[in-house]
>>> print(open('target_19.cif').read())   # mmCIF, C-alpha atoms
data_protein
#
loop_
_atom_site.label_atom_id
_atom_site.label_comp_id
_atom_site.auth_asym_id
_atom_site.auth_seq_id
_atom_site.Cartn_x
_atom_site.Cartn_y
_atom_site.Cartn_z
CA MET A 1 -51.29 9.30 82.50
CA THR A 2 -50.04 5.94 81.24
CA THR A 3 -46.61 5.30 79.76
CA GLN A 4 -48.20 4.66 76.37
CA GLN A 5 -49.84 8.09 76.37
CA GLN A 6 -46.59 9.73 77.46
CA THR A 7 -44.50 8.14 74.69
CA ARG A 8 -46.91 8.75 71.82
CA PRO A 9 -45.93 12.39 71.19
CA SER A 10 -42.23 11.55 70.99
CA ALA A 11 -42.97 8.55 68.75
CA ALA A 12 -44.93 10.78 66.38
CA ALA A 13 -42.55 13.76 66.36
CA LYS A 14 -40.08 12.55 63.73
CA PRO A 15 -42.50 10.95 61.25
CA VAL A 16 -44.87 13.93 61.47
CA ARG A 17 -41.94 16.23 60.64
CA TRP A 18 -40.75 13.93 57.81
CA ALA A 19 -44.28 13.92 56.36
CA ALA A 20 -44.54 17.71 56.53
CA ASP A 21 -41.16 18.01 54.81
CA ALA A 22 -42.36 15.70 52.02
CA VAL A 23 -45.53 17.76 51.58
CA ALA A 24 -43.50 20.98 51.34
CA ALA A 25 -40.97 19.46 48.93
CA MET A 26 -43.69 18.15 46.62
CA ARG A 27 -45.53 21.46 46.69
CA GLU A 28 -42.40 23.48 45.91
CA GLY A 29 -40.44 21.10 43.68
CA ALA A 30 -43.07 19.08 41.82
CA ARG A 31 -46.01 21.48 42.13
CA LEU A 32 -47.96 18.59 43.67
CA ARG A 33 -50.34 19.31 46.53
CA LEU A 34 -50.59 16.53 49.06
CA ASP A 35 -53.62 16.87 51.34
CA TYR A 36 -53.27 13.85 53.65
CA SER A 37 -56.11 12.04 51.87
CA ALA A 38 -55.99 8.37 50.93
CA ARG A 39 -56.51 9.43 47.31
CA SER A 40 -53.30 11.52 47.41
CA LEU A 41 -51.28 8.34 47.92
CA TRP A 42 -51.95 7.44 44.29
CA SER A 43 -49.82 10.48 43.34
CA VAL A 44 -47.13 9.49 45.82
CA ASP A 45 -46.95 5.97 44.37
CA ARG A 46 -46.62 7.49 40.90
CA MET A 47 -43.88 9.85 42.11
CA ILE A 48 -41.90 6.93 43.59
CA GLU A 49 -42.36 4.99 40.35
CA SER A 50 -41.02 7.98 38.41
CA ILE A 51 -37.96 8.19 40.65
CA ARG A 52 -37.41 4.44 40.25
CA ARG A 53 -37.56 4.69 36.44
CA GLU A 54 -34.79 7.31 36.60
CA SER A 55 -32.61 4.63 38.24
CA ALA A 56 -31.54 6.94 41.05
CA PRO A 57 -29.27 5.16 43.55
CA TYR A 58 -31.09 4.20 46.73
CA ALA A 59 -28.72 6.30 48.87
CA ALA A 60 -29.72 9.38 46.86
CA VAL A 61 -33.44 8.89 47.48
CA GLU A 62 -33.49 7.32 50.94
CA THR A 63 -34.59 10.52 52.70
CA VAL A 64 -37.30 11.19 50.11
CA LEU A 65 -38.64 7.66 50.52
CA ARG A 66 -38.65 8.05 54.30
CA GLY A 67 -40.69 11.24 53.88
CA PHE A 68 -43.16 9.55 51.54
CA GLY A 69 -43.52 6.64 53.95
CA ALA A 70 -44.09 8.99 56.88
CA TYR A 71 -46.66 10.86 54.81
CA ALA A 72 -48.51 7.60 54.12
CA GLY A 73 -48.32 6.79 57.83
CA GLU A 74 -49.89 10.14 58.67
CA VAL A 75 -52.66 9.43 56.17
CA ILE A 76 -53.29 6.09 57.91
CA VAL A 77 -53.24 7.74 61.36
CA ARG A 78 -55.79 10.32 60.23
CA GLN A 79 -57.99 7.79 58.41
CA THR A 80 -58.08 5.18 61.16
CA GLY A 81 -57.44 7.05 64.41
CA GLY A 82 -54.19 5.10 64.75
CA GLU A 83 -51.00 6.33 66.33
CA TRP A 84 -47.26 6.29 65.71
CA TRP A 85 -45.08 3.88 67.66
CA ALA A 86 -41.29 3.86 67.76
CA SER A 87 -38.61 1.46 68.88
CA GLY A 88 -34.91 1.29 68.10
CA GLY A 89 -35.13 4.10 65.55
CA ASP A 90 -37.93 2.43 63.56
CA HIS A 91 -41.42 3.91 63.33
CA TRP A 92 -44.72 2.12 62.78
CA VAL A 93 -48.37 3.01 62.80
CA ARG A 94 -50.61 1.08 65.12
CA THR A 95 -54.24 1.03 64.03
CA PRO A 96 -57.05 0.81 66.60
CA ASP A 97 -57.43 -2.93 65.88
CA GLY A 98 -53.91 -3.41 67.31
CA ARG A 99 -52.09 -4.17 64.06
CA LEU A 100 -48.75 -2.53 63.23
CA TRP A 101 -48.00 -1.08 59.80
CA ASP A 102 -44.63 0.00 58.46
CA PRO A 103 -45.26 2.71 55.86
CA VAL A 104 -41.59 3.75 55.69
CA GLU A 105 -40.60 0.21 54.71
CA GLU A 106 -43.51 0.11 52.26
CA ALA A 107 -42.12 3.24 50.55
CA ARG A 108 -38.81 1.41 50.19
CA ARG A 109 -40.67 -1.56 48.70
CA CYS A 110 -42.40 0.81 46.26
CA TYR A 111 -38.97 1.94 45.11
CA THR A 112 -38.03 -1.66 44.32
CA GLY A 113 -41.31 -2.10 42.43
CA ASP A 114 -42.86 -4.36 45.07
CA GLY A 115 -45.15 -2.13 47.12
CA SER A 116 -47.89 0.48 47.15
CA LEU A 117 -48.57 3.14 49.76
CA ARG A 118 -52.10 3.52 48.41
CA LEU A 119 -52.82 -0.18 48.92
CA LEU A 120 -51.17 -0.18 52.34
CA CYS A 121 -53.50 2.63 53.41
CA ARG A 122 -56.50 0.84 51.94
CA ASP A 123 -55.63 -2.33 53.82
CA ALA A 124 -54.93 -0.53 57.10
CA SER A 125 -58.19 1.38 56.82
CA SER A 126 -60.29 -1.65 55.91
CA GLY A 127 -58.81 -4.06 58.42
CA THR A 128 -57.29 -6.30 55.73
CA ALA A 129 -53.87 -7.77 56.41
CA ARG A 130 -51.25 -7.50 53.65
CA PRO A 131 -49.11 -10.54 52.83
#
>>> encode(input="target_19.cif", output="structure tokens")
Amino acid sequence: MTTQQQTRPSAAAKPVRWAADAVAAMREGARLRLDYSARSLWSVDRMIESIRRESAPYAAVETVLRGFGAYAGEVIVRQTGGEWWASGGDHWVRTPDGRLWDPVEEARRCYTGDGSLRLLCRDASSGTARP
């Protein structure tokens, strides 16, 4: 077994848990069912936009945004056959074409009005690089 194969489960453990927590929170709190489909990211983008319009302080929504980003990462992993990578506490998704994607950072960008998890997934799945 290679080192890469040995580290993958530990790299995926936290974001997979964060994603599952986000799914549970949306199901229980917002009555929104997230099914790990690319289409479900449209609802996640709308939810982040709604939170942003409420002007919640970033510190108050940081964990929620991390969960939404991890959820988007899991969607990308499932759509593309990619895998989670981790280094220094940061987590990325590596797609089979070798590119790295940062869905947690993209969720933060969504909160500032400058990102989209739906478009990130589309680009990761289609092989298109985002600027």
>>> atom_distance(input="target_19.cif", atom1="atom CA of A:Arg94", atom2="atom CA of A:Gly82")
5.4 Å
>>> resolve_selection(input="target_19.cif", expression="the PyMOL selection byres ((chain A and resi 96) around 9)", output="ChimeraX atom specification")
/A:80-83,94-95,97-99
>>> resolve_selection(input="target_19.cif", expression="the PyMOL selection byres ((chain A and resi 125) around 9)", output="MDAnalysis selection string")
chainID A and resid 76 79:80 95 120:124 126:128
>>> atom_distance(input="target_19.cif", atom1="atom CA of A:Asp90", atom2="atom CA of A:Tyr36")
21.5 Å
>>> closest_residue(input="target_19.cif", among="A:Trp18, A:Gly88, A:Val64, A:Val44", to="A:Gly115", atoms="only C-alpha atoms")
A:Val44
>>> closest_residue(input="target_19.cif", among="A:Ser37, A:Ser55, A:Ser10, A:Ser87", to="A:Thr112", atoms="all atoms listed in the file")
A:Ser55
>>> closest_residue(input="target_19.cif", among="A:Glu28, A:Val23, A:Ala72, A:Trp92", to="A:Asp45", atoms="all atoms listed in the file")
A:Ala72
>>> resolve_selection(input="target_19.cif", expression="the PyMOL selection byres ((chain A and resi 35) around 12)", output="list in words")
Ala19, Ala20, Ala22, Val23, Ala24, Met26, Arg27, Leu32, Arg33, Leu34, Tyr36, Ser37, Ala38, Arg39, Ser40, Leu41, Trp42, Ser43, Val44, Tyr71, Ala72, Glu74, Val75 and Arg78 of chain A
>>> closest_residue(input="target_19.cif", among="A:His91, A:Arg46, A:Arg52, A:Arg66", to="A:Ser116", atoms="all atoms listed in the file")
A:Arg46
>>> closest_residue(input="target_19.cif", among="A:Ile48, A:Val93, A:Leu117, A:Ala11", to="A:Gly69", atoms="only C-alpha atoms")
A:Leu117
>>> atom_distance(input="target_19.cif", atom1="atom CA of A:Ile51", atom2="atom CA of A:Pro103")
17.7 Å
>>> closest_residue(input="target_19.cif", among="A:Ala56, A:Arg31, A:Tyr111, A:Gly73", to="A:Pro15", atoms="only C-alpha atoms")
A:Gly73
>>> build_atoms(input="target_19.cif", residues="stretch 27-50 of chain A", atoms="N, CA, C and O atoms", output="PDB file, in the frame of the given file")
ATOM      1  N   ARG A  27     -44.846  20.226  47.066  1.00  0.00           N
ATOM      2  CA  ARG A  27     -45.530  21.460  46.690  1.00  0.00           C
ATOM      3  C   ARG A  27     -44.575  22.405  45.961  1.00  0.00           C
ATOM      4  O   ARG A  27     -44.909  22.968  44.927  1.00  0.00           O
ATOM      5  N   GLU A  28     -43.357  22.541  46.490  1.00  0.00           N
ATOM      6  CA  GLU A  28     -42.400  23.480  45.910  1.00  0.00           C
ATOM      7  C   GLU A  28     -41.675  22.921  44.693  1.00  0.00           C
ATOM      8  O   GLU A  28     -41.499  23.616  43.704  1.00  0.00           O
ATOM      9  N   GLY A  29     -41.257  21.669  44.755  1.00  0.00           N
ATOM     10  CA  GLY A  29     -40.440  21.100  43.680  1.00  0.00           C
ATOM     11  C   GLY A  29     -41.244  20.512  42.543  1.00  0.00           C
ATOM     12  O   GLY A  29     -40.921  20.707  41.373  1.00  0.00           O
ATOM     13  N   ALA A  30     -42.305  19.778  42.855  1.00  0.00           N
ATOM     14  CA  ALA A  30     -43.070  19.080  41.820  1.00  0.00           C
ATOM     15  C   ALA A  30     -44.418  19.728  41.549  1.00  0.00           C
ATOM     16  O   ALA A  30     -45.177  19.245  40.720  1.00  0.00           O
ATOM     17  N   ARG A  31     -44.718  20.801  42.277  1.00  0.00           N
ATOM     18  CA  ARG A  31     -46.010  21.480  42.130  1.00  0.00           C
ATOM     19  C   ARG A  31     -47.178  20.512  42.369  1.00  0.00           C
ATOM     20  O   ARG A  31     -48.200  20.560  41.709  1.00  0.00           O
ATOM     21  N   LEU A  32     -46.972  19.598  43.329  1.00  0.00           N
ATOM     22  CA  LEU A  32     -47.960  18.590  43.670  1.00  0.00           C
ATOM     23  C   LEU A  32     -48.466  18.867  45.075  1.00  0.00           C
ATOM     24  O   LEU A  32     -47.674  18.928  46.013  1.00  0.00           O
ATOM     25  N   ARG A  33     -49.754  19.049  45.213  1.00  0.00           N
ATOM     26  CA  ARG A  33     -50.340  19.310  46.530  1.00  0.00           C
ATOM     27  C   ARG A  33     -50.788  17.996  47.160  1.00  0.00           C
ATOM     28  O   ARG A  33     -51.625  17.292  46.602  1.00  0.00           O
ATOM     29  N   LEU A  34     -50.201  17.710  48.301  1.00  0.00           N
ATOM     30  CA  LEU A  34     -50.590  16.530  49.060  1.00  0.00           C
ATOM     31  C   LEU A  34     -51.454  16.987  50.231  1.00  0.00           C
ATOM     32  O   LEU A  34     -51.052  17.866  50.988  1.00  0.00           O
ATOM     33  N   ASP A  35     -52.635  16.398  50.357  1.00  0.00           N
ATOM     34  CA  ASP A  35     -53.620  16.870  51.340  1.00  0.00           C
ATOM     35  C   ASP A  35     -53.934  15.869  52.448  1.00  0.00           C
ATOM     36  O   ASP A  35     -54.940  15.990  53.126  1.00  0.00           O
ATOM     37  N   TYR A  36     -53.099  14.874  52.626  1.00  0.00           N
ATOM     38  CA  TYR A  36     -53.270  13.850  53.650  1.00  0.00           C
ATOM     39  C   TYR A  36     -54.535  13.009  53.434  1.00  0.00           C
ATOM     40  O   TYR A  36     -55.085  12.452  54.375  1.00  0.00           O
ATOM     41  N   SER A  37     -54.983  12.914  52.193  1.00  0.00           N
ATOM     42  CA  SER A  37     -56.110  12.040  51.870  1.00  0.00           C
ATOM     43  C   SER A  37     -55.574  10.712  51.334  1.00  0.00           C
ATOM     44  O   SER A  37     -54.459  10.646  50.802  1.00  0.00           O
ATOM     45  N   ALA A  38     -56.388   9.674  51.476  1.00  0.00           N
ATOM     46  CA  ALA A  38     -55.990   8.370  50.930  1.00  0.00           C
ATOM     47  C   ALA A  38     -55.802   8.469  49.416  1.00  0.00           C
ATOM     48  O   ALA A  38     -54.899   7.853  48.860  1.00  0.00           O
ATOM     49  N   ARG A  39     -56.603   9.273  48.765  1.00  0.00           N
ATOM     50  CA  ARG A  39     -56.510   9.430  47.310  1.00  0.00           C
ATOM     51  C   ARG A  39     -55.159  10.034  46.900  1.00  0.00           C
ATOM     52  O   ARG A  39     -54.613   9.720  45.851  1.00  0.00           O
ATOM     53  N   SER A  40     -54.583  10.894  47.749  1.00  0.00           N
ATOM     54  CA  SER A  40     -53.300  11.520  47.410  1.00  0.00           C
ATOM     55  C   SER A  40     -52.167  10.511  47.332  1.00  0.00           C
ATOM     56  O   SER A  40     -51.140  10.770  46.697  1.00  0.00           O
ATOM     57  N   LEU A  41     -52.338   9.354  47.945  1.00  0.00           N
ATOM     58  CA  LEU A  41     -51.280   8.340  47.920  1.00  0.00           C
ATOM     59  C   LEU A  41     -51.093   7.760  46.522  1.00  0.00           C
ATOM     60  O   LEU A  41     -50.023   7.252  46.202  1.00  0.00           O
ATOM     61  N   TRP A  42     -52.099   7.856  45.689  1.00  0.00           N
ATOM     62  CA  TRP A  42     -51.950   7.440  44.290  1.00  0.00           C
ATOM     63  C   TRP A  42     -50.848   8.283  43.643  1.00  0.00           C
ATOM     64  O   TRP A  42     -49.980   7.757  42.944  1.00  0.00           O
ATOM     65  N   SER A  43     -50.858   9.587  43.897  1.00  0.00           N
ATOM     66  CA  SER A  43     -49.820  10.480  43.340  1.00  0.00           C
ATOM     67  C   SER A  43     -48.451  10.167  43.923  1.00  0.00           C
ATOM     68  O   SER A  43     -47.442  10.235  43.217  1.00  0.00           O
ATOM     69  N   VAL A  44     -48.409   9.820  45.189  1.00  0.00           N
ATOM     70  CA  VAL A  44     -47.130   9.490  45.820  1.00  0.00           C
ATOM     71  C   VAL A  44     -46.567   8.203  45.212  1.00  0.00           C
ATOM     72  O   VAL A  44     -45.377   8.135  44.880  1.00  0.00           O
ATOM     73  N   ASP A  45     -47.412   7.204  45.032  1.00  0.00           N
ATOM     74  CA  ASP A  45     -46.950   5.970  44.370  1.00  0.00           C
ATOM     75  C   ASP A  45     -46.407   6.274  42.979  1.00  0.00           C
ATOM     76  O   ASP A  45     -45.369   5.739  42.584  1.00  0.00           O
ATOM     77  N   ARG A  46     -47.088   7.119  42.244  1.00  0.00           N
ATOM     78  CA  ARG A  46     -46.620   7.490  40.900  1.00  0.00           C
ATOM     79  C   ARG A  46     -45.295   8.238  40.964  1.00  0.00           C
ATOM     80  O   ARG A  46     -44.422   8.037  40.119  1.00  0.00           O
ATOM     81  N   MET A  47     -45.130   9.097  41.958  1.00  0.00           N
ATOM     82  CA  MET A  47     -43.880   9.850  42.110  1.00  0.00           C
ATOM     83  C   MET A  47     -42.721   8.882  42.406  1.00  0.00           C
ATOM     84  O   MET A  47     -41.645   8.997  41.819  1.00  0.00           O
ATOM     85  N   ILE A  48     -42.944   7.919  43.277  1.00  0.00           N
ATOM     86  CA  ILE A  48     -41.900   6.930  43.590  1.00  0.00           C
ATOM     87  C   ILE A  48     -41.575   6.122  42.339  1.00  0.00           C
ATOM     88  O   ILE A  48     -40.395   5.867  42.043  1.00  0.00           O
ATOM     89  N   GLU A  49     -42.589   5.731  41.590  1.00  0.00           N
ATOM     90  CA  GLU A  49     -42.360   4.990  40.350  1.00  0.00           C
ATOM     91  C   GLU A  49     -41.519   5.817  39.372  1.00  0.00           C
ATOM     92  O   GLU A  49     -40.602   5.292  38.728  1.00  0.00           O
ATOM     93  N   SER A  50     -41.791   7.088  39.290  1.00  0.00           N
ATOM     94  CA  SER A  50     -41.020   7.980  38.410  1.00  0.00           C
ATOM     95  C   SER A  50     -39.559   8.052  38.838  1.00  0.00           C
ATOM     96  O   SER A  50     -38.649   7.987  38.005  1.00  0.00           O
TER      97      SER A  50
END
